[in-house]
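Below is input.pdb, holding PDB, C-alpha atoms.
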```pdb
ATOM      1  CA  MET I  99      36.880   3.206 -32.085
ATOM      2  CA  ASN I 100      33.438   2.124 -33.197
ATOM      3  CA  PRO I 101      30.142   3.413 -31.770
ATOM      4  CA  GLU I 102      28.328   0.185 -32.643
ATOM      5  CA  LYS I 103      30.798  -1.720 -30.530
ATOM      6  CA  TRP I 104      30.378   0.827 -27.730
ATOM      7  CA  LEU I 105      26.629   0.293 -27.874
ATOM      8  CA  GLU I 106      27.117  -3.453 -27.669
ATOM      9  CA  GLU I 107      29.635  -3.405 -24.847
ATOM     10  CA  HIS I 108      28.571  -0.433 -22.748
ATOM     11  CA  GLY I 109      24.937   0.156 -23.760
ATOM     12  CA  ASP I 110      23.483  -1.499 -20.655
ATOM     13  CA  ILE I 111      25.825   0.255 -18.260
ATOM     14  CA  LEU I 112      25.092   3.645 -19.814
ATOM     15  CA  TYR I 113      21.363   2.949 -19.839
ATOM     16  CA  ARG I 114      21.396   1.868 -16.193
ATOM     17  CA  PHE I 115      23.235   5.035 -15.208
ATOM     18  CA  ALA I 116      20.732   7.168 -17.140
ATOM     19  CA  MET I 117      17.737   5.250 -15.777
ATOM     20  CA  GLN I 118      18.927   5.646 -12.231
ATOM     21  CA  ARG I 119      18.927   9.391 -12.682
ATOM     22  CA  SER I 120      15.973  10.032 -14.955
ATOM     23  CA  GLN I 121      13.688   7.143 -13.902
ATOM     24  CA  ASP I 122      12.263   7.376 -17.403
ATOM     25  CA  SER I 123      13.112   4.809 -20.074
ATOM     26  CA  GLU I 124      12.525   7.200 -22.999
ATOM     27  CA  VAL I 125      14.754   9.896 -21.549
ATOM     28  CA  ALA I 126      17.377   7.302 -20.599
ATOM     29  CA  ALA I 127      17.535   5.785 -24.096
ATOM     30  CA  ASP I 128      17.771   9.262 -25.646
ATOM     31  CA  LEU I 129      20.645  10.092 -23.331
ATOM     32  CA  VAL I 130      22.486   6.906 -24.336
ATOM     33  CA  GLN I 131      22.041   7.771 -28.001
ATOM     34  CA  GLU I 132      23.221  11.362 -27.557
ATOM     35  CA  THR I 133      26.196  10.142 -25.552
ATOM     36  CA  LEU I 134      27.312   7.699 -28.248
ATOM     37  CA  LEU I 135      26.876  10.240 -31.032
ATOM     38  CA  SER I 136      28.720  12.931 -29.188
ATOM     39  CA  ALA I 137      31.469  10.463 -28.209
ATOM     40  CA  TRP I 138      31.876   9.548 -31.874
ATOM     41  CA  LYS I 139      32.111  13.218 -32.860
ATOM     42  CA  SER I 140      34.776  13.905 -30.269
ATOM     43  CA  LYS I 141      36.581  10.562 -30.495
ATOM     44  CA  ASP I 142      39.886  12.346 -31.090
ATOM     45  CA  SER I 143      39.658  13.812 -27.614
ATOM     46  CA  PHE I 144      39.714  10.339 -26.065
ATOM     47  CA  ALA I 145      43.136  10.350 -24.495
ATOM     48  CA  GLY I 146      43.322   6.670 -23.715
ATOM     49  CA  SER I 147      44.315   7.529 -20.161
ATOM     50  CA  SER I 148      40.982   6.149 -18.936
ATOM     51  CA  THR I 149      38.950   3.194 -20.140
ATOM     52  CA  VAL I 150      36.385   3.709 -22.882
ATOM     53  CA  ARG I 151      33.652   3.026 -20.343
ATOM     54  CA  THR I 152      34.822   5.743 -17.956
ATOM     55  CA  TRP I 153      35.124   8.136 -20.861
ATOM     56  CA  LEU I 154      31.590   7.366 -22.072
ATOM     57  CA  ILE I 155      30.113   7.712 -18.581
ATOM     58  CA  GLY I 156      31.832  11.079 -18.268
ATOM     59  CA  ILE I 157      30.107  12.232 -21.458
ATOM     60  CA  LEU I 158      26.785  10.832 -20.254
ATOM     61  CA  LYS I 159      27.116  12.795 -16.996
ATOM     62  CA  HIS I 160      27.449  15.999 -18.998
ATOM     63  CA  LYS I 161      24.451  15.068 -21.141
ATOM     64  CA  TRP I 162      22.421  14.457 -17.998
ATOM     65  CA  ILE I 163      23.375  17.819 -16.520
ATOM     66  CA  ASP I 164      22.462  19.534 -19.806
ATOM     67  CA  TYR I 165      19.118  17.773 -19.752
ATOM     68  CA  LEU I 166      18.406  18.875 -16.156
ATOM     69  CA  ARG I 167      19.352  22.464 -16.913
ATOM     70  CA  LYS I 168      16.907  22.507 -19.801
ATOM     71  CA  GLU I 169      14.193  21.076 -17.546
ATOM     72  CA  ILE I 170      14.850  23.686 -14.888
ATOM     73  CA  ARG I 171      14.777  26.504 -17.428
ATOM     74  CA  GLN I 172      11.480  25.253 -18.813
ATOM     75  CA  ARG I 173       9.809  25.529 -15.438
ATOM     76  CA  GLU I 174       8.739  28.832 -14.029
ATOM     77  CA  HIS I 175      11.397  30.506 -11.967
ATOM     78  CA  ILE I 176      10.981  28.994  -8.557
ATOM     79  CA  GLU I 177      11.373  31.053  -5.447
ATOM     80  CA  LEU I 178      14.247  29.874  -3.233
ATOM     81  CA  ALA I 179      12.674  30.889   0.042
ATOM     82  CA  ASP I 180       9.503  28.837  -0.142
ATOM     83  CA  GLY I 181       8.378  27.024   2.974
ATOM     84  CA  ASP I 182       9.081  28.411   6.402
ATOM     85  CA  PRO I 183      11.032  25.942   8.573
ATOM     86  CA  THR I 184      10.322  27.817  11.786
ATOM     87  CA  ALA I 185       6.651  26.862  11.390
ATOM     88  CA  TRP I 186       7.443  23.411  12.835
ATOM     89  CA  PHE I 187       8.812  24.920  16.038
ATOM     90  CA  ASP I 188       7.342  26.821  18.955
ATOM     91  CA  ALA I 189       8.395  30.467  18.679
ATOM     92  CA  HIS I 190       8.729  30.879  22.449
ATOM     93  CA  ASN I 191      10.713  27.912  23.666
ATOM     94  CA  GLY I 192      12.239  26.837  20.331
ATOM     95  CA  LYS I 193      11.006  23.266  20.750
ATOM     96  CA  TRP I 194       9.146  21.003  18.317
ATOM     97  CA  LYS I 195       5.420  21.693  18.157
ATOM     98  CA  GLU I 196       4.831  18.004  17.483
ATOM     99  CA  GLU I 197       7.526  15.580  18.550
ATOM    100  CA  PRO I 198       8.850  13.363  15.751
ATOM    101  CA  SER I 199       7.637   9.817  16.321
ATOM    102  CA  GLN I 200       9.806   6.744  16.366
ATOM    103  CA  TRP I 201      10.246   5.196  12.922
ATOM    104  CA  HIS I 202      10.126   1.411  12.962
ATOM    105  CA  GLY I 203      11.730  -0.851  10.391
ATOM    106  CA  ASP I 204      15.353  -0.909   9.268
ATOM    107  CA  PRO I 205      16.611   0.582   5.998
ATOM    108  CA  GLU I 206      17.131  -2.906   4.491
ATOM    109  CA  THR I 207      13.417  -3.678   4.810
ATOM    110  CA  LEU I 208      12.088  -0.202   4.071
ATOM    111  CA  CYS I 209      13.992   0.114   0.804
ATOM    112  CA  GLN I 210      12.191  -2.968  -0.537
ATOM    113  CA  ASN I 211       8.776  -1.860   0.638
ATOM    114  CA  GLU I 212       7.208  -0.388  -2.498
ATOM    115  CA  GLN I 213       4.232   0.881  -0.523
ATOM    116  CA  PHE I 214       6.541   2.925   1.691
ATOM    117  CA  ILE I 215       8.409   4.279  -1.334
ATOM    118  CA  GLN I 216       5.078   5.277  -2.915
ATOM    119  CA  ILE I 217       3.974   7.155   0.222
ATOM    120  CA  LEU I 218       7.372   8.842   0.372
ATOM    121  CA  LYS I 219       7.099   9.906  -3.271
ATOM    122  CA  THR I 220       3.591  11.250  -2.700
ATOM    123  CA  CYS I 221       4.863  13.217   0.297
ATOM    124  CA  ALA I 222       7.706  14.590  -1.849
ATOM    125  CA  GLU I 223       5.194  15.634  -4.526
ATOM    126  CA  HIS I 224       3.612  17.983  -2.009
ATOM    127  CA  LEU I 225       6.835  19.801  -1.138
ATOM    128  CA  PRO I 226       7.437  23.273  -2.564
ATOM    129  CA  ALA I 227       8.852  22.903  -6.098
ATOM    130  CA  LYS I 228      12.501  23.688  -5.492
ATOM    131  CA  GLN I 229      12.707  21.560  -2.345
ATOM    132  CA  LYS I 230      11.192  18.664  -4.245
ATOM    133  CA  LEU I 231      13.659  19.103  -7.103
ATOM    134  CA  VAL I 232      16.805  19.057  -4.956
ATOM    135  CA  PHE I 233      15.546  16.231  -2.725
ATOM    136  CA  ASP I 234      14.811  14.204  -5.853
ATOM    137  CA  MET I 235      18.281  14.771  -7.253
ATOM    138  CA  ARG I 236      19.948  14.015  -3.947
ATOM    139  CA  GLU I 237      18.048  10.984  -2.712
ATOM    140  CA  PHE I 238      16.238   9.459  -5.685
ATOM    141  CA  GLN I 239      18.891  10.084  -8.335
ATOM    142  CA  GLY I 240      21.920   9.838  -6.075
ATOM    143  CA  LEU I 241      23.698  13.003  -7.202
ATOM    144  CA  ASP I 242      26.178  14.451  -4.727
ATOM    145  CA  SER I 243      25.942  17.978  -3.340
ATOM    146  CA  ASP I 244      28.533  19.425  -5.752
ATOM    147  CA  GLU I 245      26.693  18.131  -8.800
ATOM    148  CA  ILE I 246      23.357  19.513  -7.603
ATOM    149  CA  CYS I 247      24.840  22.944  -6.854
ATOM    150  CA  LYS I 248      26.337  23.040 -10.343
ATOM    151  CA  VAL I 249      23.121  22.033 -12.078
ATOM    152  CA  CYS I 250      20.847  24.352 -10.095
ATOM    153  CA  GLU I 251      23.427  27.128  -9.894
ATOM    154  CA  ILE I 252      23.025  27.527  -6.137
ATOM    155  CA  THR I 253      25.556  27.645  -3.284
ATOM    156  CA  PRO I 254      26.060  24.707  -0.896
ATOM    157  CA  THR I 255      24.487  26.825   1.862
ATOM    158  CA  ASN I 256      21.342  27.297  -0.221
ATOM    159  CA  LEU I 257      21.255  23.615  -1.033
ATOM    160  CA  HIS I 258      21.557  22.648   2.631
ATOM    161  CA  VAL I 259      18.710  24.982   3.561
ATOM    162  CA  LEU I 260      16.504  23.501   0.836
ATOM    163  CA  LEU I 261      17.290  19.918   1.845
ATOM    164  CA  HIS I 262      16.722  20.748   5.514
ATOM    165  CA  ARG I 263      13.292  22.203   4.704
ATOM    166  CA  ALA I 264      12.436  19.276   2.465
ATOM    167  CA  ARG I 265      13.351  16.820   5.246
ATOM    168  CA  LEU I 266      11.279  18.723   7.822
ATOM    169  CA  GLY I 267       8.300  18.555   5.494
ATOM    170  CA  LEU I 268       8.823  14.884   4.713
ATOM    171  CA  ARG I 269       9.175  13.810   8.317
ATOM    172  CA  HIS I 270       5.829  15.475   9.082
ATOM    173  CA  CYS I 271       4.143  13.817   6.114
ATOM    174  CA  LEU I 272       5.669  10.390   6.846
ATOM    175  CA  ASP I 273       4.813  10.633  10.547
ATOM    176  CA  LYS I 274       1.248  11.279   9.549
ATOM    177  CA  HIS I 275       0.816   8.806   6.692
ATOM    178  CA  TRP I 276       3.252   5.980   7.341
ATOM    179  CA  PHE I 277       4.778   5.774  10.778
ATOM    180  CA  GLY I 278       1.529   6.744  12.483
ATOM    181  CA  GLY I 279       2.695   9.568  14.759
TER
ATOM    182  CA  MET G 196      17.466  29.021  23.666
ATOM    183  CA  LYS G 197      15.217  30.324  20.929
ATOM    184  CA  HIS G 198      15.055  28.222  17.737
ATOM    185  CA  ALA G 199      17.355  25.633  19.343
ATOM    186  CA  CYS G 200      15.576  22.621  17.859
ATOM    187  CA  GLU G 201      15.366  24.285  14.444
ATOM    188  CA  LYS G 202      19.137  24.750  14.457
ATOM    189  CA  ILE G 203      19.833  21.220  15.618
ATOM    190  CA  SER G 204      17.479  19.714  13.036
ATOM    191  CA  HIS G 205      19.283  21.761  10.379
ATOM    192  CA  LEU G 206      22.602  20.307  11.560
ATOM    193  CA  ALA G 207      21.085  16.810  11.513
ATOM    194  CA  SER G 208      20.256  17.360   7.844
ATOM    195  CA  GLU G 209      23.662  18.878   7.030
ATOM    196  CA  LYS G 210      25.364  15.906   8.665
ATOM    197  CA  LEU G 211      24.131  13.894   5.676
ATOM    198  CA  GLU G 212      25.658  16.428   3.261
ATOM    199  CA  ARG G 213      29.024  17.429   4.692
ATOM    200  CA  LYS G 214      31.486  16.676   7.449
ATOM    201  CA  LEU G 215      30.410  18.633  10.524
ATOM    202  CA  SER G 216      33.013  20.387  12.639
ATOM    203  CA  LEU G 217      33.857  18.985  16.064
ATOM    204  CA  ARG G 218      32.153  21.971  17.609
ATOM    205  CA  GLU G 219      28.958  21.312  15.675
ATOM    206  CA  LEU G 220      29.008  17.626  16.585
ATOM    207  CA  PHE G 221      29.558  18.493  20.227
ATOM    208  CA  MET G 222      26.674  20.982  20.168
ATOM    209  CA  MET G 223      24.409  18.332  18.717
ATOM    210  CA  GLN G 224      25.369  15.693  21.271
ATOM    211  CA  ILE G 225      24.818  18.072  24.174
ATOM    212  CA  HIS G 226      21.419  19.024  22.782
ATOM    213  CA  PHE G 227      20.510  15.357  22.254
ATOM    214  CA  LEU G 228      21.117  14.664  25.943
ATOM    215  CA  MET G 229      18.333  17.087  26.797
ATOM    216  CA  CYS G 230      16.058  16.693  23.790
ATOM    217  CA  HIS G 231      14.535  13.377  22.840
ATOM    218  CA  ALA G 232      12.632  14.913  19.903
ATOM    219  CA  CYS G 233      15.776  16.058  18.083
ATOM    220  CA  ARG G 234      17.533  12.777  18.764
ATOM    221  CA  GLN G 235      14.553  10.983  17.257
ATOM    222  CA  TYR G 236      14.432  13.325  14.260
ATOM    223  CA  SER G 237      18.128  12.880  13.565
ATOM    224  CA  ARG G 238      17.762   9.080  13.697
ATOM    225  CA  ASN G 239      14.756   9.173  11.384
ATOM    226  CA  MET G 240      16.512  11.316   8.787
ATOM    227  CA  LEU G 241      19.559   9.040   8.831
ATOM    228  CA  LYS G 242      17.239   6.063   8.362
ATOM    229  CA  LEU G 243      15.469   7.744   5.444
ATOM    230  CA  HIS G 244      18.809   8.558   3.810
ATOM    231  CA  GLN G 245      20.150   5.019   4.272
ATOM    232  CA  THR G 246      16.921   3.533   2.927
ATOM    233  CA  LEU G 247      17.140   5.548  -0.281
ATOM    234  CA  GLN G 248      20.872   4.879  -0.690
ATOM    235  CA  LEU G 249      20.199   1.134  -0.465
ATOM    236  CA  ARG G 250      17.399   1.483  -2.960
ATOM    237  CA  LEU G 251      19.685   3.275  -5.434
ATOM    238  CA  LYS G 252      22.300   0.545  -5.091
ATOM    239  CA  ALA G 253      19.735  -2.201  -5.633
ATOM    240  CA  LYS G 254      18.367  -0.461  -8.717
ATOM    241  CA  ASP G 255      21.893  -0.172 -10.063
ATOM    242  CA  ASN G 256      21.965  -3.815 -11.099
ATOM    243  CA  GLU G 257      18.550  -4.001 -12.662
ATOM    244  CA  ALA G 258      17.823  -2.067 -15.818
ATOM    245  CA  LEU G 259      18.908  -3.324 -19.241
ATOM    246  CA  LEU G 260      18.706  -1.297 -22.433
ATOM    247  CA  PRO G 261      15.522  -2.638 -24.094
ATOM    248  CA  ASP G 262      16.093  -4.332 -27.469
ATOM    249  CA  GLU G 263      13.883  -2.007 -29.514
ATOM    250  CA  LYS G 264      15.731   1.021 -28.145
ATOM    251  CA  ARG G 265      19.074  -0.641 -28.842
ATOM    252  CA  GLU G 266      17.998  -1.270 -32.442
ATOM    253  CA  LYS G 267      16.896   2.329 -32.868
ATOM    254  CA  ILE G 268      20.219   3.658 -31.605
ATOM    255  CA  LYS G 269      22.049   1.241 -33.894
ATOM    256  CA  CYS G 270      20.105   2.616 -36.880
ATOM    257  CA  VAL G 271      21.006   6.175 -35.956
ATOM    258  CA  ILE G 272      24.683   5.253 -35.644
ATOM    259  CA  GLN G 273      24.677   3.439 -38.982
ATOM    260  CA  ALA G 274      22.980   6.408 -40.658
ATOM    261  CA  LEU G 275      25.666   8.650 -39.246
ATOM    262  CA  HIS G 276      28.379   6.374 -40.637
ATOM    263  CA  MET G 277      26.838   6.390 -44.084
ATOM    264  CA  ASN G 278      26.610  10.167 -44.115
ATOM    265  CA  ARG G 279      30.293  10.356 -43.365
ATOM    266  CA  GLY G 280      30.984   7.920 -46.176
TER
END
```

Would you mind writing the file out in structure tokens?
Amino acid sequence: MNPEKWLEEHGDILYRFAMQRSQDSEVAADLVQETLLSAWKSKDSFAGSSTVRTWLIGILKHKWIDYLRKEIRQREHIELADGDPTAWFDAHNGKWKEEPSQWHGDPETLCQNEQFIQILKTCAEHLPAKQKLVFDMREFQGLDSDEICKVCEITPTNLHVLLHRARLGLRHCLDKHWFGG
Amino acid sequence: MKHACEKISHLASEKLERKLSLRELFMMQIHFLMCHACRQYSRNMLKLHQTLQLRLKAKDNEALLPDEKREKIKCVIQALHMNRG
């Protein structure tokens, strides 16, 4: 049980995990440090039933959720019901006002196209705040629905509505600026 | 049906979040037969999701803890050790 050894052996893995979520090297390194310190403080609670790495990643996950909660609290309270999804549809016949266009390119190519990712991020920037936040967590940080609901303190139904609205907004923006609808 | 496409596009999004019931899947498929726009939308959203999943996986193997940050953390740990004697 030695935090210096943990840093040596698991530092990169922990950092990668934190980077993937925060996309910010300062925040990620801080999270690694906090994780190691808090692991050292609670080393007696390490049951030995899991590997040290799993145990450390578990602590890091909690640190990340704490960090997100703080971030959310720091922002103004954001209205849940922003953005009206029915605006994309004709009120009379219930059909799309503008048909979604066909998106060319397969995921394997698109994911390596930095220009596409930039346009996507710019589109996401223009979403209403809460939609942007949950879409970010879900698709850019790779959290699953349960984790996001816990962090944002919302129900799965609320989350699904927010993601649905975010996706409607993004498809419009991407049709316009990337796929040339 | 009023708001039909809105409902189906909502289901298309939820399909990426949870397992849909057989009834929901059936409803979607029937709607897709009549509605090219929703079929297209559903495909696009799946593609977007898969693209970002692949990107996350690729990023997984990249980042390394930079040396100067590693050194800083080491210092903090050593300081902590000294304080505890």

Name the residues captured by the PyMOL selection byres ((chain G) within 9 of (chain I)) when it is applied to the shown file; answer as a VMD selection string. chain G and resid 196 to 201 204 to 209 212 to 213 230 to 233 235 to 236 238 to 240 242 to 251 253 to 261 264 to 265 267 to 269 271 to 273 275

Do you have the CA of Ser136 in chain I-CA of Ser120 in chain I distance handy? 19.3 Å

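What separates CA of Phe144 in chain I from CA of Ile246 in chain I is a distance of 26.3 Å.
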
What's the separation between CA of Lys161 in chain I and CA of Leu260 in chain I, in Å to one decimal place? 24.8 Å
